[in-house]
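Okay, so here's the structure we're looking at.
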Amino acid sequence: MKRHIPGLNLAAPSCAPSPLEGVFLARVERAFYRWHPRKPFFLVRFSVVEPKPNAGQSFSGRLYTTQRALWKFHWFLRDFGYDQDLLGRDEVDEKALVGLVGIVRISHVQVNGHSLLNLDGFAPAADWEELASAPVRESEAMSHDF
């Protein structure tokens with residue numbers, strides 16, 4: 001039996017909004033440590049503060065805590081203003097991460113048909129005005145450093 005469902009073709013995946021990508025001033029909404037035998041990580045959920053058209057949207061990313069990836073996790077903690085006393089004692093308090101604000105650059109990559117979010121870089125929130133007003137050149141858009 002055939003059924004006619006008006007509007008079904010409008011719900012195609014090609015009509016879905018594109019994922020967030022670029023540089024955002026963001027606030028940490030949640031942070032959870034997830035242990036994995038080879039790659040332990042923090043799952044961090046961010047809420048966009050700026051730019052205004054994206055305000056309120058959220059995205060999640062992983063920050064790995066392996067020896068090889070600690071540099072990036074430290075970069076995140078430093079630029080988002082994590083408590084230096086706790087950082088100095090090598091302690092991460094999930095509750096202390098909530099509410100931290102900073103700049104994050106995100107991009108997406110396709111792996112085996114799945115879109116994965118990359119947290120490419122971080123900067124202190126105080127740099128937002130400078131980064132938001134600077135024109136983005138093609139070469140800078142592809143760079144992974146601020």
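Naming works like this for the structure tokens: A, B, ... for the chains as they're shown, residue 1 at the start of each chain, ligands 1 onward in shown order.
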- request: Report as a ChimeraX atom specification: the residues of stretch 15-115 of chain A with a DSSP assignment of strand (DSSP E or B), based on the backbone of this structure.
  value: /A:22-34,41-50,58-64,101-111,114-115
Residues of stretch 28-93 of chain A that approach stretch 111-116 of chain A to 12 Å or less, counting only C-alpha atoms: could you list each one with the shortest pair of atoms and its distance in Å to one decimal, rows by chain and increasing residue number, as a tab-separated table?
```
residue	atom	partner	partner_atom	distance
A:Phe59	CA	A:Leu116	CA	11.2
A:Ser60	CA	A:Leu116	CA	10.1
A:Gly61	CA	A:Leu116	CA	8.8
A:Arg62	CA	A:Leu116	CA	10.1
```
Could the residues in this selection be saved with C-alpha atoms as a PDB file, in the first residue's frame?
```pdb
ATOM      1  CA  PHE A  59      28.143  22.001  20.924  1.00  0.00           C
ATOM      2  CA  SER A  60      30.128  19.266  22.641  1.00  0.00           C
ATOM      3  CA  GLY A  61      33.690  18.138  22.222  1.00  0.00           C
ATOM      4  CA  ARG A  62      36.252  15.836  23.754  1.00  0.00           C
TER       5      ARG A  62
END
```
task: Using atom CA of A:Ser107 and atom CA of A:His74 as the two end points, give the distance in Å to one decimal.
output: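 Taking atom CA of A:Ser107 as the start and atom CA of A:His74 as the end point, the length is 19.8 Å.
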message: If we count only C-alpha atoms and set the cut-off at 8 Å, which residues sit around A:Tyr33, ignoring sequence neighbours fewer than 3 positions away in its own chain? Please answer as a list in words.
response: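 Neighbouring residues, sequence-local ones excluded: Pro40, Phe41, Phe42, Leu43 and Glu94 of chain A.
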Written file, previous selection with C-alpha atoms, as a compact mmCIF listing (two decimals), in the first residue's frame:
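Written file, result-v5.txt:
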```
# COMPACT_ATOMS: atom_id res chain seq x y z
CA PRO A 40 40.48 8.95 28.81
CA PHE A 41 38.82 12.29 28.12
CA PHE A 42 36.62 15.10 29.37
CA LEU A 43 33.38 15.54 27.46
CA GLU A 94 34.32 19.19 37.05
```
query: Between atom CA of A:Val28 and atom CA of A:Phe46, what is the spacing in Å?
result: 4.6 Å
- prompt: as a list in words, which residues of stretch 42-97 of chain A does DSSP assign to alpha helix (DSSP H)?
  reply: Leu70, Trp71, Lys72, Phe73, His74, Trp75, Phe76, Leu77, Arg78, Asp79, Gln84, Asp85, Leu86, Leu87, Gly88, Glu94, Lys95, Ala96 and Leu97 of chain A
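Here atom CA of A:Asp85 and atom CA of A:Thr65 stand 19.0 Å from one another.
Within the 6 Å cut-off around A:Leu25, using only C-alpha atoms and omitting residues fewer than 6 positions from it on the same chain, the listed residues are Val49, Glu50, Gly102 and Ile103 of chain A.
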With C-alpha atoms kept, could you save the residues just selected as a compact mmCIF listing (two decimals), in the first residue's frame?
```txt
# COMPACT_ATOMS: atom_id res chain seq x y z
CA VAL A 49 27.80 33.52 23.83
CA GLU A 50 29.07 35.40 20.73
CA GLY A 102 36.73 31.62 26.60
CA ILE A 103 37.20 31.52 22.87
```
Applying 10 Å and only C-alpha atoms, which residues near A:Arg27 remain after dropping the ones on its own chain fewer than 5 positions away? List them as a PDB file with N, CA and C atoms, in the first residue's frame.
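Here's the written file out-v6.pdb:
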```
ATOM      1  N   ARG A  45      30.580  20.323  27.209  1.00  0.00           N
ATOM      2  CA  ARG A  45      29.490  20.932  26.449  1.00  0.00           C
ATOM      3  C   ARG A  45      29.593  22.444  26.597  1.00  0.00           C
ATOM      4  N   PHE A  46      29.628  23.134  25.458  1.00  0.00           N
ATOM      5  CA  PHE A  46      29.758  24.584  25.409  1.00  0.00           C
ATOM      6  C   PHE A  46      28.455  25.210  24.943  1.00  0.00           C
ATOM      7  N   SER A  47      28.197  26.433  25.396  1.00  0.00           N
ATOM      8  CA  SER A  47      27.087  27.245  24.925  1.00  0.00           C
ATOM      9  C   SER A  47      27.681  28.502  24.300  1.00  0.00           C
ATOM     10  N   VAL A  48      27.260  28.830  23.085  1.00  0.00           N
ATOM     11  CA  VAL A  48      27.788  29.990  22.381  1.00  0.00           C
ATOM     12  C   VAL A  48      27.251  31.279  23.008  1.00  0.00           C
ATOM     13  N   VAL A  49      28.152  32.206  23.306  1.00  0.00           N
ATOM     14  CA  VAL A  49      27.803  33.524  23.834  1.00  0.00           C
ATOM     15  C   VAL A  49      27.843  34.553  22.700  1.00  0.00           C
ATOM     16  N   GLU A  50      28.880  34.516  21.881  1.00  0.00           N
ATOM     17  CA  GLU A  50      29.071  35.405  20.733  1.00  0.00           C
ATOM     18  C   GLU A  50      29.562  34.567  19.563  1.00  0.00           C
ATOM     19  N   GLY A  56      23.354  30.992  22.290  1.00  0.00           N
ATOM     20  CA  GLY A  56      22.434  29.992  22.829  1.00  0.00           C
ATOM     21  C   GLY A  56      22.601  28.613  22.220  1.00  0.00           C
ATOM     22  N   SER A  58      24.503  25.202  21.248  1.00  0.00           N
ATOM     23  CA  SER A  58      25.519  24.490  22.012  1.00  0.00           C
ATOM     24  C   SER A  58      26.197  23.439  21.138  1.00  0.00           C
ATOM     25  N   PHE A  80      40.691  29.394  29.401  1.00  0.00           N
ATOM     26  CA  PHE A  80      39.334  29.568  29.914  1.00  0.00           C
ATOM     27  C   PHE A  80      39.338  30.036  31.369  1.00  0.00           C
ATOM     28  N   LEU A  97      34.809  23.746  36.348  1.00  0.00           N
ATOM     29  CA  LEU A  97      34.853  24.012  34.906  1.00  0.00           C
ATOM     30  C   LEU A  97      33.580  24.699  34.418  1.00  0.00           C
ATOM     31  N   VAL A  98      32.451  24.373  35.069  1.00  0.00           N
ATOM     32  CA  VAL A  98      31.164  24.932  34.647  1.00  0.00           C
ATOM     33  C   VAL A  98      31.162  26.446  34.843  1.00  0.00           C
ATOM     34  N   GLY A  99      30.787  27.161  33.807  1.00  0.00           N
ATOM     35  CA  GLY A  99      30.712  28.614  33.863  1.00  0.00           C
ATOM     36  C   GLY A  99      31.939  29.332  33.319  1.00  0.00           C
ATOM     37  N   LEU A 100      33.035  28.601  33.071  1.00  0.00           N
ATOM     38  CA  LEU A 100      34.222  29.237  32.511  1.00  0.00           C
ATOM     39  C   LEU A 100      33.917  29.722  31.094  1.00  0.00           C
ATOM     40  N   VAL A 101      34.476  30.865  30.738  1.00  0.00           N
ATOM     41  CA  VAL A 101      34.213  31.467  29.427  1.00  0.00           C
ATOM     42  C   VAL A 101      35.538  31.705  28.706  1.00  0.00           C
ATOM     43  N   GLY A 102      35.549  31.407  27.420  1.00  0.00           N
ATOM     44  CA  GLY A 102      36.734  31.624  26.602  1.00  0.00           C
ATOM     45  C   GLY A 102      36.380  31.490  25.138  1.00  0.00           C
ATOM     46  N   ILE A 103      37.386  31.610  24.314  1.00  0.00           N
ATOM     47  CA  ILE A 103      37.204  31.515  22.871  1.00  0.00           C
ATOM     48  C   ILE A 103      37.634  30.129  22.412  1.00  0.00           C
ATOM     49  N   VAL A 104      36.837  29.558  21.537  1.00  0.00           N
ATOM     50  CA  VAL A 104      37.156  28.240  20.988  1.00  0.00           C
ATOM     51  C   VAL A 104      36.944  28.263  19.479  1.00  0.00           C
ATOM     52  N   ALA A 125      38.922  34.907  26.907  1.00  0.00           N
ATOM     53  CA  ALA A 125      37.728  35.679  26.554  1.00  0.00           C
ATOM     54  C   ALA A 125      38.066  37.150  26.320  1.00  0.00           C
TER      55      ALA A 125
END
```
task: Excluding A:Arg105 and any residue of its chain fewer than 4 positions from it, enumerate the residues within 8 Å of it, using only C-alpha atoms, and give them as a PyMOL selection string.
output: chain A and resi 21-24+119-122
Now that the selection is made, can you save its residues with N, CA and C atoms as a PDB file, in the first residue's frame?
```
ATOM      1  N   GLU A  21      30.636  26.030  12.904  1.00  0.00           N
ATOM      2  CA  GLU A  21      32.045  25.966  12.556  1.00  0.00           C
ATOM      3  C   GLU A  21      32.602  27.375  12.595  1.00  0.00           C
ATOM      4  N   GLY A  22      33.789  27.528  13.148  1.00  0.00           N
ATOM      5  CA  GLY A  22      34.414  28.841  13.211  1.00  0.00           C
ATOM      6  C   GLY A  22      34.908  29.162  14.609  1.00  0.00           C
ATOM      7  N   VAL A  23      34.976  30.460  14.919  1.00  0.00           N
ATOM      8  CA  VAL A  23      35.485  30.946  16.197  1.00  0.00           C
ATOM      9  C   VAL A  23      34.319  31.515  17.004  1.00  0.00           C
ATOM     10  N   PHE A  24      34.213  31.072  18.259  1.00  0.00           N
ATOM     11  CA  PHE A  24      33.094  31.459  19.111  1.00  0.00           C
ATOM     12  C   PHE A  24      33.573  31.800  20.509  1.00  0.00           C
ATOM     13  N   LEU A 119      37.988  20.455  18.404  1.00  0.00           N
ATOM     14  CA  LEU A 119      38.272  21.674  19.148  1.00  0.00           C
ATOM     15  C   LEU A 119      39.687  22.063  18.735  1.00  0.00           C
ATOM     16  N   ASP A 120      39.788  22.996  17.783  1.00  0.00           N
ATOM     17  CA  ASP A 120      41.071  23.304  17.154  1.00  0.00           C
ATOM     18  C   ASP A 120      41.943  24.265  17.937  1.00  0.00           C
ATOM     19  N   GLY A 121      41.353  25.170  18.714  1.00  0.00           N
ATOM     20  CA  GLY A 121      42.163  26.145  19.419  1.00  0.00           C
ATOM     21  C   GLY A 121      41.370  26.911  20.449  1.00  0.00           C
ATOM     22  N   PHE A 122      42.091  27.565  21.342  1.00  0.00           N
ATOM     23  CA  PHE A 122      41.482  28.310  22.436  1.00  0.00           C
ATOM     24  C   PHE A 122      42.188  29.647  22.601  1.00  0.00           C
TER      25      PHE A 122
END
```
- request: Considering only C-alpha atoms, state which residue in the set A:Trp128, A:Pro19, A:His108, A:Val92 is at the smallest distance from A:Leu77.
  value: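 Among the listed residues, the smallest separation from A:Leu77 belongs to A:Val92.
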